[in-house]
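Quick look at run.cif (mmCIF, C-alpha atoms and all ligand atoms):
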data_protein
#
loop_
_atom_site.group_PDB
_atom_site.id
_atom_site.type_symbol
_atom_site.label_atom_id
_atom_site.label_comp_id
_atom_site.auth_asym_id
_atom_site.auth_seq_id
_atom_site.Cartn_x
_atom_site.Cartn_y
_atom_site.Cartn_z
ATOM 1 C CA MET A 1 -10.823 -100.846 -110.030
ATOM 2 C CA ASP A 2 -7.087 -100.377 -109.486
ATOM 3 C CA ASN A 3 -6.007 -103.570 -107.715
ATOM 4 C CA ASN A 4 -2.736 -102.091 -106.471
ATOM 5 C CA LEU A 5 -4.493 -99.164 -104.879
ATOM 6 C CA VAL A 6 -7.078 -101.477 -103.351
ATOM 7 C CA LEU A 7 -4.337 -103.686 -101.861
ATOM 8 C CA ILE A 8 -2.631 -100.680 -100.251
ATOM 9 C CA LEU A 9 -5.847 -99.196 -98.868
ATOM 10 C CA LYS A 10 -6.975 -102.601 -97.615
ATOM 11 C CA ALA A 11 -3.667 -102.988 -95.781
ATOM 12 C CA ALA A 12 -3.978 -99.493 -94.233
ATOM 13 C CA ASN A 13 -7.533 -100.265 -93.161
ATOM 14 C CA PHE A 14 -6.592 -103.677 -91.737
ATOM 15 C CA ALA A 15 -3.591 -102.263 -89.813
ATOM 16 C CA ALA A 16 -5.621 -99.355 -88.402
ATOM 17 C CA ASP A 17 -8.218 -101.816 -87.174
ATOM 18 C CA LYS A 18 -5.608 -104.147 -85.618
ATOM 19 C CA HIS A 19 -3.725 -101.281 -83.923
ATOM 20 C CA ARG A 20 -6.918 -99.619 -82.668
ATOM 21 C CA GLY A 21 -6.574 -98.190 -79.174
ATOM 22 C CA GLN A 22 -2.747 -98.317 -79.286
ATOM 23 C CA LEU A 23 -0.875 -95.060 -78.771
ATOM 24 C CA ARG A 24 2.702 -94.034 -79.528
ATOM 25 C CA LYS A 25 5.020 -93.490 -76.576
ATOM 26 C CA GLU A 26 5.848 -89.860 -77.412
ATOM 27 C CA ALA A 27 4.519 -86.880 -75.436
ATOM 28 C CA GLU A 28 1.646 -86.185 -77.844
ATOM 29 C CA SER A 29 0.402 -89.814 -77.672
ATOM 30 C CA THR A 30 -0.740 -89.942 -81.278
ATOM 31 C CA ALA A 31 -2.414 -93.061 -82.656
ATOM 32 C CA TYR A 32 0.030 -95.923 -83.258
ATOM 33 C CA ILE A 33 -1.106 -96.340 -86.878
ATOM 34 C CA ASN A 34 0.793 -93.143 -87.695
ATOM 35 C CA HIS A 35 4.029 -95.136 -87.426
ATOM 36 C CA PRO A 36 3.236 -97.781 -90.104
ATOM 37 C CA LEU A 37 1.767 -95.020 -92.260
ATOM 38 C CA GLN A 38 5.027 -93.096 -91.949
ATOM 39 C CA VAL A 39 7.089 -96.184 -92.825
ATOM 40 C CA ALA A 40 5.014 -96.722 -95.990
ATOM 41 C CA ARG A 41 5.319 -93.052 -96.862
ATOM 42 C CA ILE A 42 9.121 -93.094 -96.413
ATOM 43 C CA LEU A 43 9.349 -96.083 -98.781
ATOM 44 C CA ALA A 44 7.324 -94.327 -101.464
ATOM 45 C CA GLU A 45 8.502 -90.741 -100.961
ATOM 46 C CA ASP A 46 12.174 -91.104 -99.978
ATOM 47 C CA GLY A 47 12.838 -94.525 -101.485
ATOM 48 C CA GLY A 48 10.858 -94.251 -104.723
ATOM 49 C CA VAL A 49 9.432 -97.717 -104.014
ATOM 50 C CA SER A 50 6.281 -98.392 -106.044
ATOM 51 C CA ASP A 51 5.845 -102.151 -105.527
ATOM 52 C CA PRO A 52 2.364 -102.251 -103.936
ATOM 53 C CA GLU A 53 3.144 -105.451 -102.001
ATOM 54 C CA ILE A 54 6.143 -103.813 -100.309
ATOM 55 C CA ILE A 55 4.015 -100.772 -99.423
ATOM 56 C CA ALA A 56 1.301 -103.084 -98.043
ATOM 57 C CA ALA A 57 3.914 -105.014 -96.016
ATOM 58 C CA ALA A 58 5.140 -101.700 -94.575
ATOM 59 C CA LEU A 59 1.614 -100.786 -93.480
ATOM 60 C CA LEU A 60 1.245 -104.204 -91.851
ATOM 61 C CA HIS A 61 4.803 -104.544 -90.525
ATOM 62 C CA ASP A 62 3.972 -104.381 -86.804
ATOM 63 C CA THR A 63 0.697 -106.340 -86.848
ATOM 64 C CA ILE A 64 2.179 -109.766 -86.021
ATOM 65 C CA GLU A 65 4.556 -108.331 -83.416
ATOM 66 C CA ASP A 66 2.186 -105.968 -81.628
ATOM 67 C CA THR A 67 -1.367 -107.192 -82.279
ATOM 68 C CA ALA A 68 -3.225 -110.488 -82.375
ATOM 69 C CA THR A 69 -2.454 -111.202 -86.033
ATOM 70 C CA THR A 70 -0.923 -114.335 -87.547
ATOM 71 C CA GLU A 71 1.112 -114.808 -90.701
ATOM 72 C CA SER A 72 -1.549 -117.121 -92.142
ATOM 73 C CA GLU A 73 -4.212 -114.480 -91.533
ATOM 74 C CA LEU A 74 -2.117 -111.980 -93.497
ATOM 75 C CA ALA A 75 -1.525 -114.556 -96.240
ATOM 76 C CA ALA A 76 -5.284 -115.127 -96.568
ATOM 77 C CA HIS A 77 -5.966 -111.391 -96.924
ATOM 78 C CA PHE A 78 -2.890 -110.120 -98.742
ATOM 79 C CA GLY A 79 -1.098 -113.110 -100.252
ATOM 80 C CA VAL A 80 1.933 -115.144 -99.265
ATOM 81 C CA ARG A 81 4.585 -112.610 -100.313
ATOM 82 C CA VAL A 82 3.173 -109.762 -98.205
ATOM 83 C CA ALA A 83 2.697 -112.115 -95.243
ATOM 84 C CA SER A 84 6.235 -113.440 -95.422
ATOM 85 C CA MET A 85 7.749 -109.939 -95.651
ATOM 86 C CA VAL A 86 5.863 -108.982 -92.472
ATOM 87 C CA ALA A 87 6.991 -112.202 -90.758
ATOM 88 C CA GLU A 88 10.590 -111.410 -91.732
ATOM 89 C CA VAL A 89 10.532 -108.046 -89.966
ATOM 90 C CA THR A 90 8.827 -109.443 -86.864
ATOM 91 C CA ASP A 91 10.920 -109.957 -83.720
ATOM 92 C CA ASP A 92 10.845 -113.448 -82.228
ATOM 93 C CA LYS A 93 8.685 -112.926 -79.151
ATOM 94 C CA SER A 94 9.693 -116.308 -77.731
ATOM 95 C CA ILE A 95 12.966 -114.556 -76.881
ATOM 96 C CA THR A 96 11.952 -112.738 -73.715
ATOM 97 C CA ASP A 97 15.291 -111.048 -73.080
ATOM 98 C CA LYS A 98 15.110 -107.642 -74.805
ATOM 99 C CA ALA A 99 18.858 -107.283 -75.320
ATOM 100 C CA GLN A 100 18.974 -110.713 -76.931
ATOM 101 C CA ARG A 101 16.030 -109.852 -79.178
ATOM 102 C CA LYS A 102 17.869 -106.734 -80.331
ATOM 103 C CA GLN A 103 20.970 -108.822 -80.951
ATOM 104 C CA MET A 104 18.896 -111.167 -83.130
ATOM 105 C CA GLN A 105 17.868 -108.237 -85.345
ATOM 106 C CA LEU A 106 21.565 -107.717 -86.067
ATOM 107 C CA VAL A 107 22.182 -111.422 -86.664
ATOM 108 C CA ASN A 108 19.172 -111.768 -88.982
ATOM 109 C CA ALA A 109 19.579 -108.504 -90.908
ATOM 110 C CA PRO A 110 21.931 -109.826 -93.640
ATOM 111 C CA HIS A 111 19.487 -112.613 -94.545
ATOM 112 C CA LYS A 112 16.437 -110.478 -95.311
ATOM 113 C CA SER A 113 14.722 -110.758 -98.691
ATOM 114 C CA PRO A 114 14.999 -107.587 -100.819
ATOM 115 C CA GLY A 115 11.456 -106.399 -99.972
ATOM 116 C CA ALA A 116 11.756 -107.093 -96.244
ATOM 117 C CA ALA A 117 15.141 -105.352 -96.155
ATOM 118 C CA LEU A 118 13.569 -102.189 -97.588
ATOM 119 C CA VAL A 119 10.712 -102.315 -95.067
ATOM 120 C CA LYS A 120 13.236 -102.746 -92.236
ATOM 121 C CA LEU A 121 15.311 -99.851 -93.531
ATOM 122 C CA ALA A 122 12.259 -97.562 -93.761
ATOM 123 C CA ASP A 123 11.173 -98.689 -90.275
ATOM 124 C CA LYS A 124 14.560 -97.756 -88.823
ATOM 125 C CA THR A 125 14.472 -94.424 -90.693
ATOM 126 C CA SER A 126 11.070 -93.660 -89.159
ATOM 127 C CA ASN A 127 12.265 -94.605 -85.665
ATOM 128 C CA VAL A 128 15.482 -92.601 -85.995
ATOM 129 C CA ARG A 129 13.503 -89.526 -87.044
ATOM 130 C CA ASP A 130 11.193 -89.949 -84.075
ATOM 131 C CA VAL A 131 14.089 -90.298 -81.624
ATOM 132 C CA GLY A 132 15.207 -86.865 -82.833
ATOM 133 C CA ASP A 133 11.885 -85.086 -83.199
ATOM 134 C CA ARG A 134 9.482 -86.760 -80.821
ATOM 135 C CA PRO A 135 11.241 -89.120 -78.419
ATOM 136 C CA ALA A 136 9.334 -91.505 -76.204
ATOM 137 C CA VAL A 137 8.501 -90.042 -72.823
ATOM 138 C CA GLY A 138 11.240 -90.662 -70.255
ATOM 139 C CA TRP A 139 14.026 -91.505 -72.711
ATOM 140 C CA SER A 140 17.341 -90.043 -71.510
ATOM 141 C CA GLU A 141 19.916 -88.574 -73.885
ATOM 142 C CA GLU A 142 22.014 -91.711 -73.389
ATOM 143 C CA ARG A 143 19.143 -94.027 -74.263
ATOM 144 C CA ARG A 144 18.388 -91.999 -77.382
ATOM 145 C CA LEU A 145 22.041 -92.078 -78.489
ATOM 146 C CA ASN A 146 22.222 -95.827 -77.840
ATOM 147 C CA TYR A 147 19.148 -96.354 -79.986
ATOM 148 C CA LEU A 148 20.614 -94.326 -82.860
ATOM 149 C CA ASP A 149 23.857 -96.297 -82.656
ATOM 150 C CA TRP A 150 22.031 -99.639 -82.694
ATOM 151 C CA ALA A 151 19.742 -98.599 -85.586
ATOM 152 C CA LYS A 152 22.835 -97.700 -87.631
ATOM 153 C CA GLN A 153 24.339 -101.141 -86.933
ATOM 154 C CA VAL A 154 21.159 -102.922 -88.062
ATOM 155 C CA VAL A 155 20.873 -100.806 -91.217
ATOM 156 C CA ASP A 156 24.532 -101.400 -92.093
ATOM 157 C CA ALA A 157 23.918 -105.150 -91.775
ATOM 158 C CA LEU A 158 20.954 -105.128 -94.196
ATOM 159 C CA PRO A 159 21.572 -106.344 -97.766
ATOM 160 C CA VAL A 160 20.765 -102.928 -99.256
ATOM 161 C CA SER A 161 23.289 -100.772 -101.061
ATOM 162 C CA ASN A 162 23.045 -97.924 -103.537
ATOM 163 C CA HIS A 163 19.430 -97.246 -102.729
ATOM 164 C CA PRO A 164 17.972 -93.770 -102.152
ATOM 165 C CA LEU A 165 16.481 -95.060 -98.901
ATOM 166 C CA LYS A 166 19.961 -95.574 -97.528
ATOM 167 C CA ASP A 167 20.759 -91.910 -98.162
ATOM 168 C CA ALA A 168 17.487 -90.928 -96.479
ATOM 169 C CA PHE A 169 18.446 -93.015 -93.455
ATOM 170 C CA GLU A 170 21.913 -91.470 -93.211
ATOM 171 C CA ALA A 171 20.486 -87.943 -93.472
ATOM 172 C CA SER A 172 17.860 -88.696 -90.819
ATOM 173 C CA LEU A 173 20.484 -90.221 -88.532
ATOM 174 C CA ALA A 174 22.788 -87.191 -88.811
ATOM 175 C CA ARG A 175 19.905 -84.837 -88.133
ATOM 176 C CA SER A 176 18.670 -86.766 -85.096
ATOM 177 C CA LEU A 177 22.186 -87.106 -83.651
ATOM 178 C CA ALA A 178 22.498 -83.319 -83.820
ATOM 179 C CA LEU A 179 19.081 -82.844 -82.206
ATOM 180 C CA VAL A 180 19.783 -85.270 -79.358
ATOM 181 C CA LYS A 181 23.241 -83.904 -78.576
ATOM 182 C CA LYS A 182 22.293 -80.232 -78.403
HETATM 183 ZN ZN ZN B 1 7.948 -100.294 -86.868
#

Spell out the structure here as structure tokens.
Ligand code: ZN
Amino acid sequence: MDNNLVLILKAANFAADKHRGQLRKEAESTAYINHPLQVARILAEDGGVSDPEIIAAALLHDTIEDTATTESELAAHFGVRVASMVAEVTDDKSITDKAQRKQMQLVNAPHKSPGAALVKLADKTSNVRDVGDRPAVGWSEERRLNYLDWAKQVVDALPVSNHPLKDAFEASLARSLALVKK
């Protein structure tokens, strides 16, 4: 038994179960789990990340924020490090004002642990690609451009430099900007 592989598949299975019934906001309404799967794939494929706990955290990254999952539940299943990486990339839902919550992402970005920073960077790369290729229904050009601008600010604030993921983000951002503006 390959424990690393088991950890990753367990995380994918757990996240799919937690996100069951949730759909993405794009026109095709695909299953939500495709987003965490894409984030994990970006880490491995574009970022060359092979740490199985970071890949597992990517698969689980929206479970606390968007499903009934707690950090201690994740710690029991996947260990403290995976759970804390997920907690680090979770927005504080006690802040009800959306603009303020977005502002907090910027404020908190520089203090992320190395693993959480990579998950955040891959998450933003995934979202930026989607804003170009498959935007949420009803998003105006202005809203899409605002999102791209904000994502760039968050990524620039993360403690990640000289990493292939950063190049992947920049390339995805340039491509999506071109797609949105045309
Ligand atoms: Zn996400």

Inset, instruction - Please evaluate the PyMOL selection byres (((not hetatm)) within 8 of (chain B and resi 1)) against the structure above and give the resulting residues as an MDAnalysis selection string. - result: chainID A and resid 35:36 39 61:62 120 123:124 126:127

Inset, instruction - Step by step, work through what the PyMOL selection byres (((chain A and resi 112) around 9) and not hetatm) selects in the shown file, and finish by giving those residues as a PyMOL selection string. - result: chain A and resi 85+88-89+108-111+113-117+120+158-159

Hey, can I get the axis-aligned box for segment 38-49 of chain A? All listed atoms, 6 Å padding on each side, centre and edge lengths in Å to one decimal, as JSON.
{"center_x": 8.9, "center_y": -94.2, "center_z": -98.3, "size_x": 19.8, "size_y": 19.0, "size_z": 24.8}

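Evaluated against the shown file, the PyMOL selection byres (((chain A and resi 15) around 8) and not hetatm) gives Ala11, Ala12, Asn13, Phe14, Ala16, Asp17, Lys18, His19, Ile33, Leu59, Leu60 and Thr63 of chain A.
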
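Our summary of the geometry notes that atom CA of Val154 of chain A is positioned 19.0 Å from atom CA of Asp46 of chain A.
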
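Closest approach to Ala83 of chain A from the set A:Thr70, A:Ser50, A:Asn4, A:Ser29 is made by A:Thr70, with distances taken over only C-alpha atoms.
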
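Counting all atoms listed in the file, the residue from A:Ile8, A:Ala40, A:Ala56, A:Ala76 that sits nearest to Thr125 of chain A is A:Ala40.
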
Inset, instruction - Could you check which of A:Val107, A:Thr90, A:Val119, A:Arg175 is closest to Ile54 of chain A, using all atoms listed in the file? - result: A:Val119

Legend entry - Polymer residues at most 12 Å from Leu23 of chain A, only C-alpha atoms, same-chain spacing of 2 or more positions, as a PyMOL selection string: chain A and resi 16+19-21+25-35+66+136

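Selection around (9.1, -98.0, -98.7) with radius 7 Å, counting all atoms listed in the file, yields the residues A:Val39, A:Ala40, A:Arg41, A:Ile42, A:Leu43, A:Ala44, A:Gly47, A:Val49, A:Ile54, A:Ile55, A:Ala58, A:Leu118, A:Val119, A:Ala122.
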